[in-house]
file structure-v2.pdb (PDB, C-alpha atoms)
MODEL        1
ATOM      1  CA  MET Q   1       0.000   0.000   0.000  1.00  0.00           C
ATOM      2  CA  LYS Q   2       1.386   3.424  -0.981  1.00  0.00           C
ATOM      3  CA  CYS Q   3       1.171   6.437   1.324  1.00  0.00           C
ATOM      4  CA  PRO Q   4      -1.422   8.948   0.057  1.00  0.00           C
ATOM      5  CA  ASP Q   5       0.777  11.785   1.313  1.00  0.00           C
ATOM      6  CA  CYS Q   6       4.299  10.945   0.184  1.00  0.00           C
ATOM      7  CA  GLY Q   7       3.991   7.821  -1.969  1.00  0.00           C
ATOM      8  CA  ALA Q   8       6.323   5.705   0.149  1.00  0.00           C
ATOM      9  CA  GLU Q   9       5.534   2.069   0.840  1.00  0.00           C
ATOM     10  CA  MET Q  10       3.455   1.618   4.005  1.00  0.00           C
ATOM     11  CA  ASN Q  11       4.028  -1.094   6.601  1.00  0.00           C
ATOM     12  CA  HIS Q  12       1.179  -3.422   7.565  1.00  0.00           C
ATOM     13  CA  HIS Q  13       1.505  -3.697  11.342  1.00  0.00           C
ATOM     14  CA  ALA Q  14      -1.927  -4.459  12.797  1.00  0.00           C
ATOM     15  CA  ASP Q  15      -5.283  -6.098  12.108  1.00  0.00           C
ATOM     16  CA  LYS Q  16      -8.585  -5.332  13.801  1.00  0.00           C
ATOM     17  CA  VAL Q  17     -11.995  -6.942  13.428  1.00  0.00           C
ATOM     18  CA  ASP Q  18     -14.621  -4.241  12.906  1.00  0.00           C
ATOM     19  CA  TYR Q  19     -18.063  -5.586  13.709  1.00  0.00           C
ATOM     20  CA  ASN Q  20     -19.832  -2.291  13.016  1.00  0.00           C
ATOM     21  CA  ALA Q  21     -18.386  -2.103   9.518  1.00  0.00           C
ATOM     22  CA  ALA Q  22     -20.009  -5.439   8.820  1.00  0.00           C
ATOM     23  CA  ILE Q  23     -23.408  -3.733   8.985  1.00  0.00           C
ATOM     24  CA  ASP Q  24     -22.555  -1.273   6.224  1.00  0.00           C
ATOM     25  CA  ARG Q  25     -20.340  -3.541   4.152  1.00  0.00           C
ATOM     26  CA  PRO Q  26     -21.559  -7.136   4.535  1.00  0.00           C
ATOM     27  CA  GLU Q  27     -19.759  -8.170   1.358  1.00  0.00           C
ATOM     28  CA  LEU Q  28     -16.454  -7.643   3.177  1.00  0.00           C
ATOM     29  CA  ILE Q  29     -17.224  -9.840   6.181  1.00  0.00           C
ATOM     30  CA  ASP Q  30     -14.672 -12.526   6.892  1.00  0.00           C
ATOM     31  CA  PRO Q  31     -16.843 -15.482   7.918  1.00  0.00           C
ATOM     32  CA  ASP Q  32     -14.132 -16.870  10.183  1.00  0.00           C
ATOM     33  CA  PHE Q  33     -14.199 -13.722  12.339  1.00  0.00           C
ATOM     34  CA  GLY Q  34     -17.775 -12.515  11.894  1.00  0.00           C
ATOM     35  CA  GLY Q  35     -16.731  -8.988  11.001  1.00  0.00           C
ATOM     36  CA  VAL Q  36     -14.638  -6.947   8.617  1.00  0.00           C
ATOM     37  CA  VAL Q  37     -10.901  -7.463   9.170  1.00  0.00           C
ATOM     38  CA  GLU Q  38      -9.282  -4.033   8.905  1.00  0.00           C
ATOM     39  CA  GLU Q  39      -5.545  -3.720   8.278  1.00  0.00           C
ATOM     40  CA  ALA Q  40      -3.537  -0.821   9.741  1.00  0.00           C
ATOM     41  CA  HIS Q  41      -0.692   0.412   7.563  1.00  0.00           C
ATOM     42  CA  THR Q  42       1.805   3.119   8.578  1.00  0.00           C
ATOM     43  CA  CYS Q  43       4.100   5.016   6.239  1.00  0.00           C
ATOM     44  CA  SER Q  44       7.772   4.339   6.891  1.00  0.00           C
ATOM     45  CA  ALA Q  45       8.671   7.828   5.672  1.00  0.00           C
ATOM     46  CA  CYS Q  46       6.132  10.235   7.139  1.00  0.00           C
ATOM     47  CA  GLY Q  47       4.276   8.165   9.746  1.00  0.00           C
ATOM     48  CA  ARG Q  48       0.772   8.474   8.284  1.00  0.00           C
ATOM     49  CA  THR Q  49      -1.544   5.600   9.181  1.00  0.00           C
ATOM     50  CA  GLU Q  50      -4.339   4.278   7.007  1.00  0.00           C
ATOM     51  CA  MET Q  51      -6.772   1.413   7.474  1.00  0.00           C
ATOM     52  CA  ARG Q  52      -8.360  -0.717   4.809  1.00  0.00           C
ATOM     53  CA  ALA Q  53     -10.420  -3.865   4.723  1.00  0.00           C
ATOM     54  CA  ALA Q  54      -8.251  -6.931   4.189  1.00  0.00           C
ATOM     55  CA  ARG Q  55     -10.673  -8.286   1.604  1.00  0.00           C
ATOM     56  CA  GLU Q  56     -10.262  -5.123  -0.472  1.00  0.00           C
ATOM     57  CA  ASP Q  57      -6.724  -6.269  -1.417  1.00  0.00           C
TER      58      ASP Q  57
ATOM     59  CA  MET Y   1      14.343   8.875   8.346  1.00  0.00           C
ATOM     60  CA  SER Y   2      11.817   8.238  11.090  1.00  0.00           C
ATOM     61  CA  ALA Y   3      14.474   8.660  13.774  1.00  0.00           C
ATOM     62  CA  GLU Y   4      15.012  12.242  12.628  1.00  0.00           C
ATOM     63  CA  ARG Y   5      11.437  13.300  13.215  1.00  0.00           C
ATOM     64  CA  PRO Y   6      10.775  14.593  16.719  1.00  0.00           C
ATOM     65  CA  LEU Y   7       8.305  12.630  18.771  1.00  0.00           C
ATOM     66  CA  PHE Y   8       4.929  14.262  19.245  1.00  0.00           C
ATOM     67  CA  ILE Y   9       3.295  13.575  22.601  1.00  0.00           C
ATOM     68  CA  PRO Y  10       0.226  15.700  23.290  1.00  0.00           C
ATOM     69  CA  VAL Y  11      -1.324  15.919  26.745  1.00  0.00           C
ATOM     70  CA  ILE Y  12      -5.091  15.403  26.886  1.00  0.00           C
ATOM     71  CA  LEU Y  13      -6.926  17.135  29.714  1.00  0.00           C
ATOM     72  CA  GLY Y  14      -9.922  14.873  30.162  1.00  0.00           C
ATOM     73  CA  THR Y  15     -12.525  16.924  31.976  1.00  0.00           C
ATOM     74  CA  PRO Y  16     -14.454  20.084  31.140  1.00  0.00           C
ATOM     75  CA  ARG Y  17     -15.672  20.557  34.727  1.00  0.00           C
ATOM     76  CA  GLN Y  18     -15.534  24.101  36.103  1.00  0.00           C
ATOM     77  CA  GLY Y  19     -12.939  24.513  38.832  1.00  0.00           C
ATOM     78  CA  ARG Y  20     -11.085  21.372  37.740  1.00  0.00           C
ATOM     79  CA  MET Y  21      -7.838  20.716  39.594  1.00  0.00           C
ATOM     80  CA  SER Y  22      -6.797  18.329  36.840  1.00  0.00           C
ATOM     81  CA  GLU Y  23      -5.835  21.361  34.776  1.00  0.00           C
ATOM     82  CA  HIS Y  24      -2.981  22.047  37.179  1.00  0.00           C
ATOM     83  CA  ALA Y  25      -1.793  18.459  36.808  1.00  0.00           C
ATOM     84  CA  ALA Y  26      -2.083  18.608  33.023  1.00  0.00           C
ATOM     85  CA  ARG Y  27      -0.145  21.860  32.780  1.00  0.00           C
ATOM     86  CA  PHE Y  28       2.546  20.495  35.079  1.00  0.00           C
ATOM     87  CA  VAL Y  29       2.960  17.345  32.955  1.00  0.00           C
ATOM     88  CA  LEU Y  30       2.896  19.451  29.785  1.00  0.00           C
ATOM     89  CA  GLY Y  31       5.775  21.493  31.167  1.00  0.00           C
ATOM     90  CA  GLU Y  32       7.762  18.356  31.970  1.00  0.00           C
ATOM     91  CA  VAL Y  33       7.210  17.005  28.439  1.00  0.00           C
ATOM     92  CA  GLN Y  34       8.361  20.341  27.014  1.00  0.00           C
ATOM     93  CA  LYS Y  35      11.686  19.908  28.807  1.00  0.00           C
ATOM     94  CA  ARG Y  36      12.408  16.707  26.877  1.00  0.00           C
ATOM     95  CA  GLU Y  37      14.755  17.058  23.931  1.00  0.00           C
ATOM     96  CA  GLY Y  38      13.376  15.742  20.670  1.00  0.00           C
ATOM     97  CA  VAL Y  39       9.782  15.801  21.875  1.00  0.00           C
ATOM     98  CA  GLU Y  40       7.045  18.187  20.787  1.00  0.00           C
ATOM     99  CA  THR Y  41       3.795  18.529  22.662  1.00  0.00           C
ATOM    100  CA  GLU Y  42       0.618  20.524  23.072  1.00  0.00           C
ATOM    101  CA  LEU Y  43      -2.326  20.590  25.436  1.00  0.00           C
ATOM    102  CA  ILE Y  44      -5.598  19.142  24.147  1.00  0.00           C
ATOM    103  CA  ASP Y  45      -8.450  20.293  26.365  1.00  0.00           C
ATOM    104  CA  VAL Y  46     -11.671  18.320  25.924  1.00  0.00           C
ATOM    105  CA  ARG Y  47     -13.488  21.512  26.862  1.00  0.00           C
ATOM    106  CA  ASP Y  48     -12.283  23.052  23.591  1.00  0.00           C
ATOM    107  CA  LEU Y  49     -13.263  20.208  21.275  1.00  0.00           C
ATOM    108  CA  SER Y  50     -16.195  20.694  18.968  1.00  0.00           C
ATOM    109  CA  LEU Y  51     -18.139  17.499  19.596  1.00  0.00           C
ATOM    110  CA  THR Y  52     -21.881  17.272  19.342  1.00  0.00           C
ATOM    111  CA  THR Y  53     -23.766  15.206  21.888  1.00  0.00           C
ATOM    112  CA  GLN Y  54     -26.354  14.275  19.257  1.00  0.00           C
ATOM    113  CA  ASP Y  55     -24.142  11.498  17.879  1.00  0.00           C
ATOM    114  CA  GLU Y  56     -21.113   9.378  18.791  1.00  0.00           C
ATOM    115  CA  GLY Y  57     -17.918   7.932  17.382  1.00  0.00           C
ATOM    116  CA  GLY Y  58     -16.163   8.583  14.105  1.00  0.00           C
ATOM    117  CA  ALA Y  59     -19.113  10.488  12.672  1.00  0.00           C
ATOM    118  CA  ILE Y  60     -18.440  13.483  14.905  1.00  0.00           C
ATOM    119  CA  LYS Y  61     -14.680  13.915  14.621  1.00  0.00           C
ATOM    120  CA  ASP Y  62     -13.133  17.208  15.712  1.00  0.00           C
ATOM    121  CA  ALA Y  63     -10.679  17.768  12.858  1.00  0.00           C
ATOM    122  CA  SER Y  64      -7.940  19.372  14.930  1.00  0.00           C
ATOM    123  CA  PHE Y  65      -8.156  16.653  17.581  1.00  0.00           C
ATOM    124  CA  SER Y  66      -7.977  13.877  14.994  1.00  0.00           C
ATOM    125  CA  ARG Y  67      -5.027  15.543  13.270  1.00  0.00           C
ATOM    126  CA  ALA Y  68      -3.161  15.835  16.554  1.00  0.00           C
ATOM    127  CA  VAL Y  69      -3.777  12.195  17.459  1.00  0.00           C
ATOM    128  CA  ALA Y  70      -2.813  11.063  13.953  1.00  0.00           C
ATOM    129  CA  ARG Y  71       0.471  12.945  14.284  1.00  0.00           C
ATOM    130  CA  ALA Y  72       1.100  11.689  17.816  1.00  0.00           C
ATOM    131  CA  ASP Y  73       3.551   8.952  18.740  1.00  0.00           C
ATOM    132  CA  ALA Y  74       2.147   8.747  22.253  1.00  0.00           C
ATOM    133  CA  LEU Y  75      -0.564  10.310  24.380  1.00  0.00           C
ATOM    134  CA  VAL Y  76      -0.637  11.477  27.958  1.00  0.00           C
ATOM    135  CA  ILE Y  77      -4.151  11.379  29.383  1.00  0.00           C
ATOM    136  CA  VAL Y  78      -4.787  13.398  32.528  1.00  0.00           C
ATOM    137  CA  THR Y  79      -8.078  12.384  34.049  1.00  0.00           C
ATOM    138  CA  PRO Y  80      -9.857  12.980  37.312  1.00  0.00           C
ATOM    139  CA  GLU Y  81     -11.771  10.189  39.008  1.00  0.00           C
ATOM    140  CA  TYR Y  82     -15.503  10.831  39.052  1.00  0.00           C
ATOM    141  CA  ASN Y  83     -17.471   8.204  40.997  1.00  0.00           C
ATOM    142  CA  HIS Y  84     -14.621   5.722  40.421  1.00  0.00           C
ATOM    143  CA  GLY Y  85     -14.826   6.280  36.655  1.00  0.00           C
ATOM    144  CA  TYR Y  86     -13.650   8.553  33.885  1.00  0.00           C
ATOM    145  CA  PRO Y  87     -15.429  11.726  32.749  1.00  0.00           C
ATOM    146  CA  GLY Y  88     -18.035  11.083  30.093  1.00  0.00           C
ATOM    147  CA  MET Y  89     -16.572  13.819  27.935  1.00  0.00           C
ATOM    148  CA  LEU Y  90     -13.206  12.054  27.852  1.00  0.00           C
ATOM    149  CA  LYS Y  91     -14.780   8.839  26.571  1.00  0.00           C
ATOM    150  CA  HIS Y  92     -16.902  10.822  24.124  1.00  0.00           C
ATOM    151  CA  ALA Y  93     -13.752  12.415  22.705  1.00  0.00           C
ATOM    152  CA  LEU Y  94     -11.618   9.257  22.636  1.00  0.00           C
ATOM    153  CA  ASP Y  95     -14.309   7.346  20.745  1.00  0.00           C
ATOM    154  CA  THR Y  96     -14.161   9.725  17.783  1.00  0.00           C
ATOM    155  CA  ASN Y  97     -10.885   8.224  16.525  1.00  0.00           C
ATOM    156  CA  LEU Y  98      -9.578   4.726  15.794  1.00  0.00           C
ATOM    157  CA  LYS Y  99      -6.929   4.406  13.091  1.00  0.00           C
ATOM    158  CA  GLU Y 100      -5.197   7.387  14.686  1.00  0.00           C
ATOM    159  CA  TYR Y 101      -4.402   5.326  17.818  1.00  0.00           C
ATOM    160  CA  VAL Y 102      -3.227   1.967  16.500  1.00  0.00           C
ATOM    161  CA  HIS Y 103       0.014   0.789  18.133  1.00  0.00           C
ATOM    162  CA  LYS Y 104       0.756   4.111  19.832  1.00  0.00           C
ATOM    163  CA  ALA Y 105       1.822   4.494  23.434  1.00  0.00           C
ATOM    164  CA  VAL Y 106      -0.338   5.974  26.163  1.00  0.00           C
ATOM    165  CA  GLY Y 107       0.344   6.945  29.739  1.00  0.00           C
ATOM    166  CA  VAL Y 108      -2.345   7.905  32.220  1.00  0.00           C
ATOM    167  CA  CYS Y 109      -2.244  10.438  35.043  1.00  0.00           C
ATOM    168  CA  GLY Y 110      -4.993   9.978  37.592  1.00  0.00           C
ATOM    169  CA  VAL Y 111      -6.149  12.889  39.707  1.00  0.00           C
ATOM    170  CA  SER Y 112      -8.225  12.722  42.857  1.00  0.00           C
ATOM    171  CA  ALA Y 113      -9.198  14.943  45.726  1.00  0.00           C
ATOM    172  CA  GLY Y 114      -8.666  12.025  48.090  1.00  0.00           C
ATOM    173  CA  GLY Y 115      -5.846   9.647  48.756  1.00  0.00           C
ATOM    174  CA  PHE Y 116      -6.097   7.118  45.941  1.00  0.00           C
ATOM    175  CA  GLY Y 117      -4.605   9.262  43.190  1.00  0.00           C
ATOM    176  CA  GLY Y 118      -7.063   8.217  40.525  1.00  0.00           C
ATOM    177  CA  THR Y 119      -6.048   4.560  40.682  1.00  0.00           C
ATOM    178  CA  ARG Y 120      -9.613   3.413  40.088  1.00  0.00           C
ATOM    179  CA  VAL Y 121     -10.165   5.620  37.064  1.00  0.00           C
ATOM    180  CA  ILE Y 122      -6.891   4.412  35.584  1.00  0.00           C
ATOM    181  CA  GLU Y 123      -7.912   0.787  36.029  1.00  0.00           C
ATOM    182  CA  ASN Y 124     -11.286   1.527  34.457  1.00  0.00           C
ATOM    183  CA  LEU Y 125      -9.754   3.376  31.529  1.00  0.00           C
ATOM    184  CA  LEU Y 126      -7.176   0.733  30.587  1.00  0.00           C
ATOM    185  CA  PRO Y 127      -9.561  -1.683  28.793  1.00  0.00           C
ATOM    186  CA  VAL Y 128     -10.951   1.235  26.786  1.00  0.00           C
ATOM    187  CA  LEU Y 129      -7.470   2.280  25.700  1.00  0.00           C
ATOM    188  CA  ARG Y 130      -6.570  -1.281  24.750  1.00  0.00           C
ATOM    189  CA  GLU Y 131      -9.670  -1.616  22.594  1.00  0.00           C
ATOM    190  CA  LEU Y 132      -8.735   1.607  20.802  1.00  0.00           C
ATOM    191  CA  GLY Y 133      -5.402   0.043  19.836  1.00  0.00           C
ATOM    192  CA  LEU Y 134      -3.269   2.042  22.245  1.00  0.00           C
ATOM    193  CA  VAL Y 135      -0.449   0.434  24.218  1.00  0.00           C
ATOM    194  CA  ALA Y 136      -0.462   1.445  27.877  1.00  0.00           C
ATOM    195  CA  ILE Y 137       2.800   1.840  29.750  1.00  0.00           C
ATOM    196  CA  TYR Y 138       3.063   0.441  33.236  1.00  0.00           C
ATOM    197  CA  TRP Y 139       4.103   3.636  34.941  1.00  0.00           C
ATOM    198  CA  ASP Y 140       1.202   5.824  35.988  1.00  0.00           C
ATOM    199  CA  MET Y 141       1.146   9.197  37.671  1.00  0.00           C
ATOM    200  CA  ASN Y 142      -1.140   9.474  40.658  1.00  0.00           C
ATOM    201  CA  PHE Y 143      -2.037  12.942  41.901  1.00  0.00           C
ATOM    202  CA  SER Y 144      -3.480  12.120  45.304  1.00  0.00           C
ATOM    203  CA  SER Y 145      -5.049  14.854  47.441  1.00  0.00           C
ATOM    204  CA  VAL Y 146      -4.495  17.146  44.487  1.00  0.00           C
ATOM    205  CA  GLY Y 147      -5.458  20.195  46.519  1.00  0.00           C
ATOM    206  CA  LYS Y 148      -2.205  19.740  48.418  1.00  0.00           C
ATOM    207  CA  VAL Y 149      -0.057  19.116  45.335  1.00  0.00           C
ATOM    208  CA  PHE Y 150      -0.763  22.482  43.703  1.00  0.00           C
ATOM    209  CA  ASP Y 151      -1.707  25.861  45.063  1.00  0.00           C
ATOM    210  CA  GLU Y 152      -4.644  27.826  43.690  1.00  0.00           C
ATOM    211  CA  SER Y 153      -2.513  29.298  40.911  1.00  0.00           C
ATOM    212  CA  GLY Y 154      -1.295  25.859  39.838  1.00  0.00           C
ATOM    213  CA  ALA Y 155       2.185  26.149  41.333  1.00  0.00           C
ATOM    214  CA  LEU Y 156       3.634  22.793  42.348  1.00  0.00           C
ATOM    215  CA  LEU Y 157       3.882  22.361  46.129  1.00  0.00           C
ATOM    216  CA  ASP Y 158       5.328  18.837  46.189  1.00  0.00           C
ATOM    217  CA  GLU Y 159       8.623  18.537  44.337  1.00  0.00           C
ATOM    218  CA  SER Y 160       8.519  14.728  44.427  1.00  0.00           C
ATOM    219  CA  TYR Y 161       6.217  14.943  41.421  1.00  0.00           C
ATOM    220  CA  VAL Y 162       9.125  16.129  39.279  1.00  0.00           C
ATOM    221  CA  LYS Y 163      10.911  12.826  39.842  1.00  0.00           C
ATOM    222  CA  ARG Y 164       7.698  10.880  39.357  1.00  0.00           C
ATOM    223  CA  ALA Y 165       7.098  12.651  36.049  1.00  0.00           C
ATOM    224  CA  ASP Y 166      10.649  11.887  34.963  1.00  0.00           C
ATOM    225  CA  LYS Y 167      10.098   8.149  35.457  1.00  0.00           C
ATOM    226  CA  PHE Y 168       6.686   8.265  33.802  1.00  0.00           C
ATOM    227  CA  LEU Y 169       7.934  10.166  30.757  1.00  0.00           C
ATOM    228  CA  GLY Y 170      11.070   8.075  30.487  1.00  0.00           C
ATOM    229  CA  GLU Y 171       9.011   4.957  29.995  1.00  0.00           C
ATOM    230  CA  LEU Y 172       6.473   6.674  27.743  1.00  0.00           C
ATOM    231  CA  ILE Y 173       9.173   8.018  25.420  1.00  0.00           C
ATOM    232  CA  TRP Y 174      10.901   4.636  25.276  1.00  0.00           C
ATOM    233  CA  MET Y 175       7.603   3.026  24.330  1.00  0.00           C
ATOM    234  CA  ALA Y 176       6.831   5.770  21.811  1.00  0.00           C
ATOM    235  CA  LYS Y 177      10.164   5.258  20.051  1.00  0.00           C
ATOM    236  CA  THR Y 178       9.813   1.487  20.070  1.00  0.00           C
ATOM    237  CA  LEU Y 179       6.275   1.531  18.729  1.00  0.00           C
ATOM    238  CA  ARG Y 180       7.126   4.079  16.044  1.00  0.00           C
ATOM    239  CA  HIS Y 181       9.820   1.708  14.816  1.00  0.00           C
ATOM    240  CA  GLY Y 182       7.340  -1.143  14.941  1.00  0.00           C
ATOM    241  CA  ARG Y 183       4.602   0.716  13.103  1.00  0.00           C
ATOM    242  CA  GLU Y 184       6.903   1.865  10.376  1.00  0.00           C
ATOM    243  CA  GLN Y 185       9.332  -1.046  10.012  1.00  0.00           C
ATOM    244  CA  VAL Y 186       8.147  -4.313  11.568  1.00  0.00           C
ATOM    245  CA  LYS Y 187       5.764  -6.300   9.406  1.00  0.00           C
ATOM    246  CA  LEU Y 188       2.852  -8.167  10.937  1.00  0.00           C
TER     247      LEU Y 188
ENDMDL
END

call {"tool": "encode", "arguments": {"input": "structure-v2.pdb", "output": "structure tokens"}}
result
Amino acid sequence: MKCPDCGAEMNHHADKVDYNAAIDRPELIDPDFGGVVEEAHTCSACGRTEMRAARED
Amino acid sequence: MSAERPLFIPVILGTPRQGRMSEHAARFVLGEVQKREGVETELIDVRDLSLTTQDEGGAIKDASFSRAVARADALVIVTPEYNHGYPGMLKHALDTNLKEYVHKAVGVCGVSAGGFGGTRVIENLLPVLRELGLVAIYWDMNFSSVGKVFDESGALLDESYVKRADKFLGELIWMAKTLRHGREQVKL
């Protein structure tokens, strides 16, 4: 994932199951977890953090 | 490159209550953070945040608060203990962010009029902070009998708090540096 600010490669360092997001985006639910698995990525150059659904890869 | 950027560690004052003694504690801790080389800080007062009470969570972000937390490497939360818990306004504010907190350090300063130094509010706040993705350090600051720690103008009356703040901030900065490296360099 590229940083929207500086274009550097971001580091995937955390996952979080978002159960509320499953209400709005049921197509992204991971059936093994019962919610949307969100990945946290942080830019190694500027420190910006972004989250995205793992199934959006 | 990341090592060249100063750390940013804002201090959150967690109560809007009139006459709050926690403001003295927050300003004292802010001053101690400002003494640290390579660390930038600012005071975030929940009283100043623009947060409606007609909704909750990410839908009501205060843009300046979210920007500050996104930039932060660590947070200091200064909170009084109200009926053994945290102020509702603090929780209301914390709940407006999520991605901004993930794998960042947090240290908590409890404030109480009595002798327990906010230990109960700290214990109650820890599971909330964990769920937000923050990493709590295991040094706390406890401002017991806060009316005796500061005078009415906010001047510190008990110099032992300088040493306590030094230990607290030492651990918080170590954790902030370590977690910044982890966020930016260590793959899951």

call {"tool": "resolve_selection", "arguments": {"input": "structure-v2.pdb", "expression": "the ChimeraX specification (/Y :<7) & /Q", "output": "PyMOL selection string"}}
result
chain Q and resi 11-14+42-45+47+49-51

call {"tool": "resolve_selection", "arguments": {"input": "structure-v2.pdb", "expression": "the PyMOL selection byres ((chain Y and resi 38) around 7)", "output": "list in words"}}
result
Pro6, Leu7, Arg36, Glu37, Val39 and Glu40 of chain Y

call {"tool": "resolve_selection", "arguments": {"input": "structure-v2.pdb", "expression": "the PyMOL selection byres ((chain Q and resi 34) around 9)", "output": "list of chain:residue names"}}
result
Q:Val17, Q:Asp18, Q:Tyr19, Q:Ala22, Q:Ile29, Q:Asp30, Q:Pro31, Q:Asp32, Q:Phe33, Q:Gly35, Q:Val36, Q:Val37

call {"tool": "residues_near_point", "arguments": {"input": "structure-v2.pdb", "point": "(6.7, 2.9, 39.4)", "cutoff": "9 Å", "atoms": "only C-alpha atoms", "output": "list in words"}}
result
Tyr138, Trp139, Asp140, Met141, Arg164, Lys167 and Phe168 of chain Y

call {"tool": "write_last_selection", "arguments": {"input": "structure-v2.pdb", "atoms": "C-alpha atoms", "output": "PDB file, in the frame of the given file"}}
result
ATOM      1  CA  TYR Y 138       3.063   0.441  33.236  1.00  0.00           C
ATOM      2  CA  TRP Y 139       4.103   3.636  34.941  1.00  0.00           C
ATOM      3  CA  ASP Y 140       1.202   5.824  35.988  1.00  0.00           C
ATOM      4  CA  MET Y 141       1.146   9.197  37.671  1.00  0.00           C
ATOM      5  CA  ARG Y 164       7.698  10.880  39.357  1.00  0.00           C
ATOM      6  CA  LYS Y 167      10.098   8.149  35.457  1.00  0.00           C
ATOM      7  CA  PHE Y 168       6.686   8.265  33.802  1.00  0.00           C
TER       8      PHE Y 168
END

call {"tool": "atom_distance", "arguments": {"input": "structure-v2.pdb", "atom1": "CA of Ala25 (chain Y)", "atom2": "CA of Gly154 (chain Y)"}}
result
8.0 Å

call {"tool": "atom_distance", "arguments": {"input": "structure-v2.pdb", "atom1": "CA of Ser50 (chain Y)", "atom2": "CA of Pro87 (chain Y)"}}
result
16.5 Å

call {"tool": "axis_aligned_box", "arguments": {"input": "structure-v2.pdb", "around": "region 34-45 of chain Q", "padding_each_side": "8 Å", "output": "JSON"}}
result
{"center_x": -4.6, "center_y": -2.3, "center_z": 8.8, "size_x": 42.4, "size_y": 36.3, "size_z": 22.2}

call {"tool": "closest_residue", "arguments": {"input": "structure-v2.pdb", "among": "Y:Ile9, Y:Val108, Y:Val146, Y:Met89", "to": "Gln34 (chain Y)", "atoms": "only C-alpha atoms"}}
result
Y:Ile9

call {"tool": "atom_distance", "arguments": {"input": "structure-v2.pdb", "atom1": "CA of Gly88 (chain Y)", "atom2": "CA of Ser144 (chain Y)"}}
result
21.1 Å

call {"tool": "closest_residue", "arguments": {"input": "structure-v2.pdb", "among": "Y:Tyr82, Y:Phe28, Y:Phe8, Y:Phe65", "to": "Thr119 (chain Y)", "atoms": "only C-alpha atoms"}}
result
Y:Tyr82

call {"tool": "closest_residue", "arguments": {"input": "structure-v2.pdb", "among": "Y:Ala59, Y:Val111, Y:Leu134, Y:Leu75", "to": "Ile44 (chain Y)", "atoms": "only C-alpha atoms"}}
result
Y:Leu75

call {"tool": "closest_residue", "arguments": {"input": "structure-v2.pdb", "among": "Y:Lys35, Y:Arg130, Y:Arg120, Y:Arg47", "to": "Tyr86 (chain Y)", "atoms": "all atoms listed in the file"}}
result
Y:Arg120

call {"tool": "residues_around", "arguments": {"input": "structure-v2.pdb", "residues": "Ser112 (chain Y)", "least_positions_apart": "5", "cutoff": "7 Å", "atoms": "only C-alpha atoms", "output": "VMD selection string"}}
result
chain Y and resid 80 to 81 117 to 118 143 to 146

call {"tool": "closest_residue", "arguments": {"input": "structure-v2.pdb", "among": "Q:Glu38, Q:Ala54, Q:Asp24, Q:Cys46", "to": "Asp5 (chain Q)", "atoms": "all atoms listed in the file"}}
result
Q:Cys46

call {"tool": "residues_near_point", "arguments": {"input": "structure-v2.pdb", "point": "(-12.6, 19.8, 38.5)", "cutoff": "10 Å", "atoms": "only C-alpha atoms", "output": "PyMOL selection string"}}
result
chain Y and resi 15-24+79-82+111-113
